[in-house]
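File shown: data30.cif. Contents: mmCIF, C-alpha atoms.
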data_work
#
loop_
_atom_site.label_atom_id
_atom_site.label_comp_id
_atom_site.auth_asym_id
_atom_site.auth_seq_id
_atom_site.Cartn_x
_atom_site.Cartn_y
_atom_site.Cartn_z
CA MET A 163 83.96 96.26 84.43
CA ALA A 164 80.64 95.56 82.67
CA PRO A 165 77.55 97.04 84.33
CA ALA A 166 75.34 94.82 86.46
CA GLY A 167 72.70 92.98 84.43
CA GLY A 168 74.63 93.43 81.20
CA GLY A 169 74.86 89.69 80.71
CA ARG A 170 78.55 89.78 79.80
CA PHE A 171 79.98 89.24 83.27
CA GLN A 172 78.75 87.19 86.21
CA GLY A 173 80.41 86.11 89.44
CA LYS A 174 83.65 87.67 90.69
CA ARG A 175 87.03 88.42 89.19
CA SER A 176 90.12 89.98 90.67
CA CYS A 177 90.74 93.67 89.99
CA VAL A 178 94.50 93.34 90.55
CA GLY A 179 97.30 90.97 89.68
CA SER A 180 97.38 89.46 93.16
CA LEU A 181 96.30 90.27 96.70
CA ALA A 182 99.98 90.28 97.69
CA GLU A 183 100.61 93.14 95.25
CA LEU A 184 97.51 94.96 96.48
CA ASN A 185 98.67 94.79 100.09
CA ALA A 186 102.27 95.67 99.21
CA VAL A 187 101.38 99.16 97.93
CA SER A 188 101.24 101.32 101.04
CA PHE A 189 102.28 104.81 102.02
CA GLU A 190 104.01 105.94 105.18
CA PHE A 191 103.29 109.44 106.42
CA LEU A 192 106.02 111.65 107.85
CA GLU A 193 103.66 114.60 108.20
CA ALA A 194 99.91 115.24 108.06
CA ALA A 195 99.11 118.79 109.13
CA GLU A 196 97.05 121.89 108.49
CA ALA A 197 99.17 125.02 108.24
CA ALA A 198 98.98 128.79 107.83
CA PHE A 199 102.22 130.57 108.75
CA ASP A 200 104.98 132.81 107.45
CA TRP A 201 108.14 130.93 106.50
CA THR A 202 110.75 131.17 103.74
CA GLY A 203 113.35 128.51 103.12
CA ARG A 204 114.96 126.15 100.65
CA ASN A 205 115.45 122.39 100.95
CA THR A 206 115.65 119.07 99.17
CA HIS A 207 113.90 115.96 100.47
CA TRP A 208 113.95 112.33 99.38
CA PHE A 209 110.24 111.85 100.10
CA ASN A 210 107.18 113.22 98.27
CA ARG A 211 105.08 116.16 99.40
CA LEU A 212 101.48 117.11 98.68
CA PHE A 213 100.08 120.53 99.59
CA VAL A 214 96.30 120.94 99.32
CA VAL A 215 95.35 124.64 99.40
CA THR A 216 92.04 125.38 101.14
CA ALA A 217 92.21 129.21 101.28
CA ALA A 218 94.51 131.91 99.94
CA GLY A 219 94.60 135.68 100.27
CA LYS A 220 97.31 138.20 99.50
CA PRO A 221 100.24 138.06 99.47
CA ARG A 222 100.20 134.64 97.79
CA SER A 223 102.43 131.79 98.89
CA GLU A 224 104.85 130.58 96.22
CA LEU A 225 106.65 127.35 95.38
CA ILE A 226 109.88 127.62 93.37
CA CYS A 227 111.47 124.47 91.96
CA HIS A 228 115.11 125.10 91.09
CA SER A 229 115.36 121.64 89.52
CA THR A 230 112.92 122.58 86.74
CA GLY A 231 112.66 126.39 86.83
CA GLN A 232 108.98 126.29 87.91
CA ARG A 233 107.51 129.16 89.92
CA LEU A 234 103.97 128.52 91.14
CA ALA A 235 101.54 130.60 93.19
CA MET A 236 99.53 128.42 95.58
CA ARG A 237 95.88 128.73 94.52
CA PRO A 238 92.85 127.66 96.57
CA GLY A 239 91.16 124.56 95.22
CA TRP A 240 94.44 123.16 93.87
CA SER A 241 96.97 120.71 95.22
CA TYR A 242 100.72 120.65 94.55
CA PHE A 243 102.64 117.39 94.33
CA VAL A 244 106.38 117.82 94.90
CA ALA A 245 108.61 115.08 93.51
CA ALA A 246 111.31 113.47 95.61
CA ALA A 247 114.77 115.08 95.46
CA ALA A 248 113.41 118.31 93.94
CA ASP A 249 115.43 121.40 94.90
CA MET A 250 112.60 123.50 96.39
CA GLU A 251 112.30 127.07 97.66
CA PHE A 252 109.23 128.02 99.69
CA HIS A 253 107.61 131.37 100.41
CA PHE A 254 104.75 130.49 102.74
CA ARG A 255 102.42 133.29 103.86
CA ALA A 256 99.96 133.18 106.74
CA SER A 257 97.26 134.26 104.28
CA THR A 258 97.48 130.81 102.67
CA ARG A 259 95.92 127.87 104.48
CA PHE A 260 96.85 124.41 103.29
CA VAL A 261 97.03 120.78 104.33
CA SER A 262 100.53 119.31 104.07
CA PHE A 263 101.37 115.65 103.57
CA HIS A 264 104.94 114.30 103.56
CA PHE A 265 105.07 110.65 102.55
CA PHE A 266 106.79 107.86 100.65
CA ARG A 267 105.86 104.49 99.20
CA ASN A 268 106.79 101.75 101.63
CA ASP A 269 107.90 98.82 99.51
CA PRO A 270 108.73 95.58 101.37
CA GLU A 271 111.52 94.75 98.90
CA PHE A 272 112.98 98.13 98.03
CA GLY A 273 112.39 99.99 101.29
CA PRO A 274 111.29 103.67 101.18
CA LEU A 275 110.56 104.81 97.62
CA PRO A 276 109.37 108.06 96.07
CA VAL A 277 106.11 107.79 94.15
CA THR A 278 107.41 108.60 90.66
CA SER A 279 110.63 109.14 88.75
CA ALA A 280 109.41 112.58 87.66
CA ARG A 281 111.05 115.82 88.71
CA GLY A 282 109.52 119.08 89.78
CA VAL A 283 105.99 120.01 90.87
CA ARG A 284 102.64 118.82 89.51
CA GLU A 285 99.51 120.99 89.89
CA LEU A 286 96.29 119.03 90.40
CA GLU A 287 92.86 120.64 90.44
CA CYS A 288 90.74 119.40 93.34
CA ASP A 289 87.23 118.12 92.63
CA ALA A 290 84.19 117.91 94.92
CA ALA A 291 85.32 114.58 96.36
CA ASP A 292 88.74 116.02 97.24
CA HIS A 293 87.13 118.98 99.01
CA ALA A 294 84.84 116.70 101.01
CA LEU A 295 87.78 114.54 102.07
CA ILE A 296 89.90 117.52 103.12
CA CYS A 297 86.97 118.81 105.22
CA SER A 298 86.94 115.42 106.94
CA VAL A 299 90.71 115.55 107.50
CA THR A 300 90.59 118.99 109.15
CA GLY A 301 87.23 118.56 110.89
CA ASP A 302 86.38 117.49 114.41
CA GLY A 303 85.11 114.02 113.50
CA PRO A 304 86.42 110.75 114.94
CA GLU A 305 90.15 110.16 114.63
CA ALA A 306 89.61 107.04 112.51
CA VAL A 307 87.54 109.05 110.01
CA ARG A 308 90.22 111.74 109.71
CA ILE A 309 92.92 109.11 109.20
CA CYS A 310 90.95 107.32 106.48
CA ALA A 311 90.15 110.64 104.79
CA ALA A 312 93.85 111.64 104.80
CA ARG A 313 94.80 108.37 103.15
CA ALA A 314 92.01 108.77 100.59
CA VAL A 315 93.26 112.25 99.62
CA LEU A 316 96.72 110.83 99.11
CA TYR A 317 95.66 107.76 97.13
CA ARG A 318 93.48 109.84 94.80
CA ALA A 319 96.36 112.22 94.02
CA VAL A 320 98.89 109.42 93.58
CA ALA A 321 96.56 107.47 91.26
CA ARG A 322 96.27 110.53 88.99
CA ILE A 323 100.03 111.01 88.89
CA MET A 324 101.04 107.39 88.41
CA THR A 325 98.78 106.96 85.36
CA SER A 326 101.23 109.08 83.36
CA GLU A 327 104.50 108.90 85.30
CA PRO A 328 106.30 105.63 86.05
CA ALA A 329 107.23 104.41 89.50
CA PRO A 330 111.02 104.53 90.09
CA GLU A 331 111.69 100.78 90.08
CA ALA A 332 109.76 100.41 86.80
CA THR A 333 112.46 102.44 85.05
CA VAL A 334 115.41 100.39 86.30
CA PRO A 335 116.64 97.18 84.58
CA GLY A 336 116.31 93.96 86.55
CA LYS A 337 120.08 93.58 86.81
CA TYR A 338 120.07 96.40 89.39
CA ALA A 339 117.10 95.11 91.42
CA ALA A 340 119.16 93.43 94.14
CA LEU A 341 121.47 96.44 94.41
CA LEU A 342 118.52 98.82 94.82
CA ARG A 343 116.88 96.58 97.40
CA HIS A 344 120.10 96.68 99.38
CA LEU A 345 120.35 100.47 99.18
CA GLY A 346 116.72 100.94 100.18
CA THR A 347 117.18 99.11 103.45
CA ALA A 348 120.90 99.24 104.26
CA ALA A 349 122.58 102.30 102.69
CA ASP A 350 124.73 104.10 105.26
CA GLY A 351 127.63 106.48 105.68
CA ARG A 352 130.16 103.87 104.58
CA THR A 353 128.39 102.69 101.41
CA THR A 354 130.48 103.35 98.28
CA VAL A 355 130.32 102.53 94.59
CA ALA A 356 133.36 100.26 95.00
CA GLU A 357 131.72 98.33 97.84
CA LEU A 358 128.53 97.83 95.82
CA ALA A 359 130.46 96.73 92.74
CA GLU A 360 132.28 94.07 94.76
CA ARG A 361 129.13 92.95 96.60
CA PHE A 362 127.05 92.52 93.44
CA GLY A 363 129.73 91.35 91.00
CA PHE A 364 130.14 94.40 88.77
CA SER A 365 133.19 96.21 87.49
CA ARG A 366 133.36 99.51 89.38
CA ASP A 367 133.91 101.70 86.32
CA ARG A 368 131.29 99.90 84.23
CA LEU A 369 128.75 99.98 87.04
CA SER A 370 129.18 103.73 87.47
CA ARG A 371 128.95 104.38 83.74
CA ASP A 372 126.03 102.05 82.95
CA PHE A 373 123.97 102.96 86.00
CA SER A 374 124.21 106.65 85.19
CA ARG A 375 123.37 106.11 81.52
CA THR A 376 120.45 103.77 82.23
CA CYS A 377 118.91 105.41 85.29
CA GLY A 378 119.54 109.08 84.56
CA ILE A 379 121.29 109.60 87.90
CA THR A 380 124.79 108.71 89.05
CA LEU A 381 125.09 105.77 91.43
CA LYS A 382 126.98 108.00 93.87
CA ARG A 383 124.03 110.41 93.95
CA HIS A 384 121.59 107.51 94.36
CA ILE A 385 123.61 106.27 97.35
CA GLU A 386 123.52 109.75 98.89
CA LEU A 387 119.75 110.00 98.45
CA ALA A 388 119.27 106.54 99.95
CA VAL A 389 121.28 107.52 103.04
CA VAL A 390 119.38 110.81 103.36
CA ALA A 391 116.13 108.84 103.06
CA ARG A 392 117.08 106.61 105.98
CA ALA A 393 118.30 109.57 108.03
CA GLU A 394 115.18 111.68 107.55
CA ARG A 395 112.94 108.74 108.34
CA LEU A 396 114.90 108.09 111.51
CA LEU A 397 114.74 111.72 112.65
CA ARG A 398 111.01 112.00 111.91
CA LEU A 399 109.82 108.73 113.36
CA GLU A 400 112.08 108.75 116.44
CA PRO A 401 112.07 112.42 117.54
CA GLY A 402 113.68 111.59 120.90
CA LEU A 403 116.66 109.81 119.33
CA ARG A 404 119.98 111.41 120.24
CA LEU A 405 122.05 112.62 117.31
CA ARG A 406 124.99 110.49 118.39
CA GLU A 407 122.83 107.36 118.24
CA ALA A 408 121.41 108.33 114.83
CA ALA A 409 124.96 108.73 113.50
CA ARG A 410 125.93 105.34 114.94
CA ARG A 411 122.96 103.56 113.37
CA LEU A 412 123.78 105.06 109.99
CA ASN A 413 127.46 104.11 110.27
CA PHE A 414 128.93 107.60 110.38
CA SER A 415 132.17 108.01 112.28
CA ASP A 416 130.67 110.70 114.53
CA GLU A 417 127.71 113.05 114.88
CA TYR A 418 129.70 116.00 113.47
CA TYR A 419 130.33 114.22 110.16
CA PHE A 420 126.69 113.05 110.05
CA SER A 421 125.48 116.65 110.58
CA ARG A 422 127.75 117.93 107.78
CA PHE A 423 126.49 115.23 105.39
CA PHE A 424 122.86 115.90 106.28
CA LYS A 425 123.16 119.66 105.82
CA LYS A 426 124.98 119.26 102.50
CA HIS A 427 122.10 117.25 101.05
CA THR A 428 119.05 118.82 102.70
CA GLY A 429 120.16 122.40 103.38
CA ARG A 430 119.72 122.06 107.15
CA THR A 431 121.38 120.41 110.11
CA PRO A 432 119.49 117.53 111.78
CA GLY A 433 118.58 119.91 114.62
CA GLU A 434 117.20 122.52 112.23
CA TYR A 435 115.29 119.80 110.42
CA ARG A 436 113.65 118.69 113.66
CA ARG A 437 112.78 122.25 114.67
CA GLU A 438 111.18 122.90 111.28
CA SER A 439 109.19 119.69 111.60
CA SER A 440 107.88 120.87 114.96
CA LEU A 441 106.17 123.83 113.22
CA PHE A 442 103.49 121.33 112.28
CA ALA A 443 101.16 119.43 114.55
CA LEU A 444 99.08 116.38 113.71
CA ARG A 445 96.00 118.43 114.55
CA SER A 446 95.05 121.65 112.78
CA ALA A 447 97.18 124.74 113.35
CA GLY A 448 95.97 126.66 116.37
CA ARG A 449 94.02 123.69 117.73
CA SER A 450 94.78 121.95 120.96
CA GLY A 451 95.67 118.28 120.99
#

Could you render the structure as structure tokens?
Amino acid sequence: MAPAGGGRFQGKRSCVGSLAELNAVSFEFLEAAEAAFDWTGRNTHWFNRLFVVTAAGKPRSELICHSTGQRLAMRPGWSYFVAAAADMEFHFRASTRFVSFHFFRNDPEFGPLPVTSARGVRELECDAADHALICSVTGDGPEAVRICAARAVLYRAVARIMTSEPAPEATVPGKYAALLRHLGTAADGRTTVAELAERFGFSRDRLSRDFSRTCGITLKRHIELAVVARAERLLRLEPGLRLREAARRLNFSDEYYFSRFFKKHTGRTPGEYRRESSLFALRSAGRSG
């Protein structure tokens, strides 16, 4: 935009394609927490994660991405963006203090979406503005200020990443748009490639072959990730929901089969997933409230 008084621009002009598009880009948080604890584990999640390191002593915490072969020590003053569906191993040490965000893009048409199609972990160096925002997130200021600061941290990181890495739906041909919209909002334990082929007018074999070639992931795997996405969202946002009811909503024959499916794709049972989630609180670690 031309500077004020430059004579080349007067009045107002829109900065985006439309206000509808501006309002459609939003992020839903599944976790916003400050942490410093000892924990080692391995998991795969459908959502994105951002770890902002505020202090680190020895021994150092490490992030290992088995999807890409990356092994990263968590350094103070840096943040670590973990792509959706990355096979991650964590070695957290109490000497490392960090702020953890778990989140996804909430698209009104496609349902929950990861931020990018990239794999692995991105390291981002924090600047002065990032540090000031994190201090606001973890400080004792008004709740509204901490919420706005948390969102600002996230939007700044996502803007840096999305300038070079495409959003998932941008990489998929339009002929699959309706199919992906359906999976984003309705994938369940009974969804199959054959059912999708019949619903959307494709040959089963050709759909499987072309989807894999075009999207870089098999349709069967995409279905599995979509179901895991809905399951994790359900378990996070409705912590009191009984496992039997969660299985029913996701169209699994029983809670035992649902638990087996969930563990196969995340590395933990639904119960273990909930217990791990409870390690974090919405307020800083060690703080009341």

From the set A:Arg411, A:Phe265, A:Met250, A:Ala340, which residue has the shortest atom-to-atom contact distance to A:Leu192, counting all atoms listed in the file?
A:Phe265

Write out as a compact mmCIF listing (two decimals) with C-alpha atoms, keeping the file's coordinate frame the residues lying within 8 Å of A:Ser188, counting only C-alpha atoms and excluding same-chain residues fewer than 3 positions away.
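As written to disk, selection22.txt reads:
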# COMPACT_ATOMS: atom_id res chain seq x y z
CA ASN A 185 98.67 94.79 100.09
CA ARG A 267 105.86 104.49 99.20
CA ASN A 268 106.79 101.75 101.63
CA ASP A 269 107.90 98.82 99.51

Compare A:Pro401, A:Gly351, A:Gly336, A:Pro304 by their minimum atom-to-atom distance to A:Arg437, counting all atoms listed in the file, and give me the closest one.
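Among A:Pro401, A:Gly351, A:Gly336, A:Pro304, it is A:Pro401 that comes nearest to A:Arg437.
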
How far is it from atom CA of A:His344 to atom CA of A:Arg430, in Å with one decimal?
26.5 Å

At what distance in Å, to one decimal, does atom CA of A:Phe414 lie from atom CA of A:Arg352?
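Rounded to one decimal, the two atoms are 7.0 Å apart.
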
Given the PyMOL selection byres ((chain A and resi 353) around 12), the residues it picks as a PDB file with C-alpha atoms, in the frame of the given file:
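Output below, filename out.pdb:
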ATOM      1  CA  LEU A 341     121.470  96.440  94.410  1.00  0.00           C
ATOM      2  CA  HIS A 344     120.100  96.680  99.380  1.00  0.00           C
ATOM      3  CA  LEU A 345     120.350 100.470  99.180  1.00  0.00           C
ATOM      4  CA  GLY A 346     116.720 100.940 100.180  1.00  0.00           C
ATOM      5  CA  THR A 347     117.180  99.110 103.450  1.00  0.00           C
ATOM      6  CA  ALA A 348     120.900  99.240 104.260  1.00  0.00           C
ATOM      7  CA  ALA A 349     122.580 102.300 102.690  1.00  0.00           C
ATOM      8  CA  ASP A 350     124.730 104.100 105.260  1.00  0.00           C
ATOM      9  CA  GLY A 351     127.630 106.480 105.680  1.00  0.00           C
ATOM     10  CA  ARG A 352     130.160 103.870 104.580  1.00  0.00           C
ATOM     11  CA  THR A 354     130.480 103.350  98.280  1.00  0.00           C
ATOM     12  CA  VAL A 355     130.320 102.530  94.590  1.00  0.00           C
ATOM     13  CA  ALA A 356     133.360 100.260  95.000  1.00  0.00           C
ATOM     14  CA  GLU A 357     131.720  98.330  97.840  1.00  0.00           C
ATOM     15  CA  LEU A 358     128.530  97.830  95.820  1.00  0.00           C
ATOM     16  CA  ALA A 359     130.460  96.730  92.740  1.00  0.00           C
ATOM     17  CA  GLU A 360     132.280  94.070  94.760  1.00  0.00           C
ATOM     18  CA  ARG A 361     129.130  92.950  96.600  1.00  0.00           C
ATOM     19  CA  LEU A 381     125.090 105.770  91.430  1.00  0.00           C
ATOM     20  CA  LYS A 382     126.980 108.000  93.870  1.00  0.00           C
ATOM     21  CA  ARG A 383     124.030 110.410  93.950  1.00  0.00           C
ATOM     22  CA  HIS A 384     121.590 107.510  94.360  1.00  0.00           C
ATOM     23  CA  ILE A 385     123.610 106.270  97.350  1.00  0.00           C
ATOM     24  CA  GLU A 386     123.520 109.750  98.890  1.00  0.00           C
ATOM     25  CA  LEU A 387     119.750 110.000  98.450  1.00  0.00           C
ATOM     26  CA  ALA A 388     119.270 106.540  99.950  1.00  0.00           C
ATOM     27  CA  VAL A 389     121.280 107.520 103.040  1.00  0.00           C
ATOM     28  CA  LEU A 412     123.780 105.060 109.990  1.00  0.00           C
ATOM     29  CA  ASN A 413     127.460 104.110 110.270  1.00  0.00           C
ATOM     30  CA  PHE A 414     128.930 107.600 110.380  1.00  0.00           C
TER      31      PHE A 414
END

On this file, the PyMOL selection byres ((chain A and resi 264) around 7) gives some set of residues; write that set as a PyMOL selection string.
chain A and resi 191-194+209-212+262-263+265

Give as a ChimeraX atom specification each residue that has an atom at most 9 Å from (110.6, 130.0, 111.3) in the file, counting all atoms listed in the file.
/A:199-203,437-438,441

Point-to-point distance in Å for atom CA of A:Leu184 and atom CA of A:Val320:
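Atom CA of A:Leu184 lies 14.8 Å from atom CA of A:Val320.
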
Nearest candidate to A:Tyr418 (options A:Ser365, A:Ser223, A:Ser257, A:Thr431; using all atoms listed in the file):
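Of the candidates, the smallest distance to A:Tyr418 is held by A:Thr431.
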
When the PyMOL selection byres ((chain A and resi 369) around 10) is applied to the file above, which residues end up in the set, as a ChimeraX atom specification?
/A:338,355-356,358-359,362-368,370-375,380-381

Using all atoms listed in the file, which residue out of A:Arg406, A:Pro238, A:Gln172, A:Phe213 lies closest to A:Leu316?
A:Phe213

For A:Glu394, which residue out of A:Gly301, A:Pro432, A:Pro276, A:Gly219 is the nearest one, using only C-alpha atoms?
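Comparing A:Gly301, A:Pro432, A:Pro276, A:Gly219 against A:Glu394, the winner is A:Pro432.
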
Taking all atoms listed in the file into account, which of A:Gly282, A:Pro221, A:Gly231, A:Gly402 comes nearest A:Phe243?
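Closest candidate: A:Gly282.
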
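Residues with any atom within 9 Å of A:Thr300, counting only C-alpha atoms and excluding same-chain neighbours fewer than 3 positions away, are A:Ala195, A:Glu196, A:Val261, A:Leu295, A:Ile296, A:Cys297, A:Gly303, A:Arg308, A:Arg445, A:Ser446.
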
Given 6 Å on each side, where is the centre and what are the edge lengths in Å to one decimal of the axis-aligned box enclosing the listed atoms of stretch 245-262 of chain A, as JSON?
{"center_x": 105.7, "center_y": 123.9, "center_z": 100.1, "size_x": 31.5, "size_y": 32.8, "size_z": 25.2}

Could you list as a PyMOL selection string every residue that has an atom within 6 Å of (108.5, 119.2, 93.9), using the file's coordinates and counting only C-alpha atoms?
chain A and resi 244-245+248+282-283
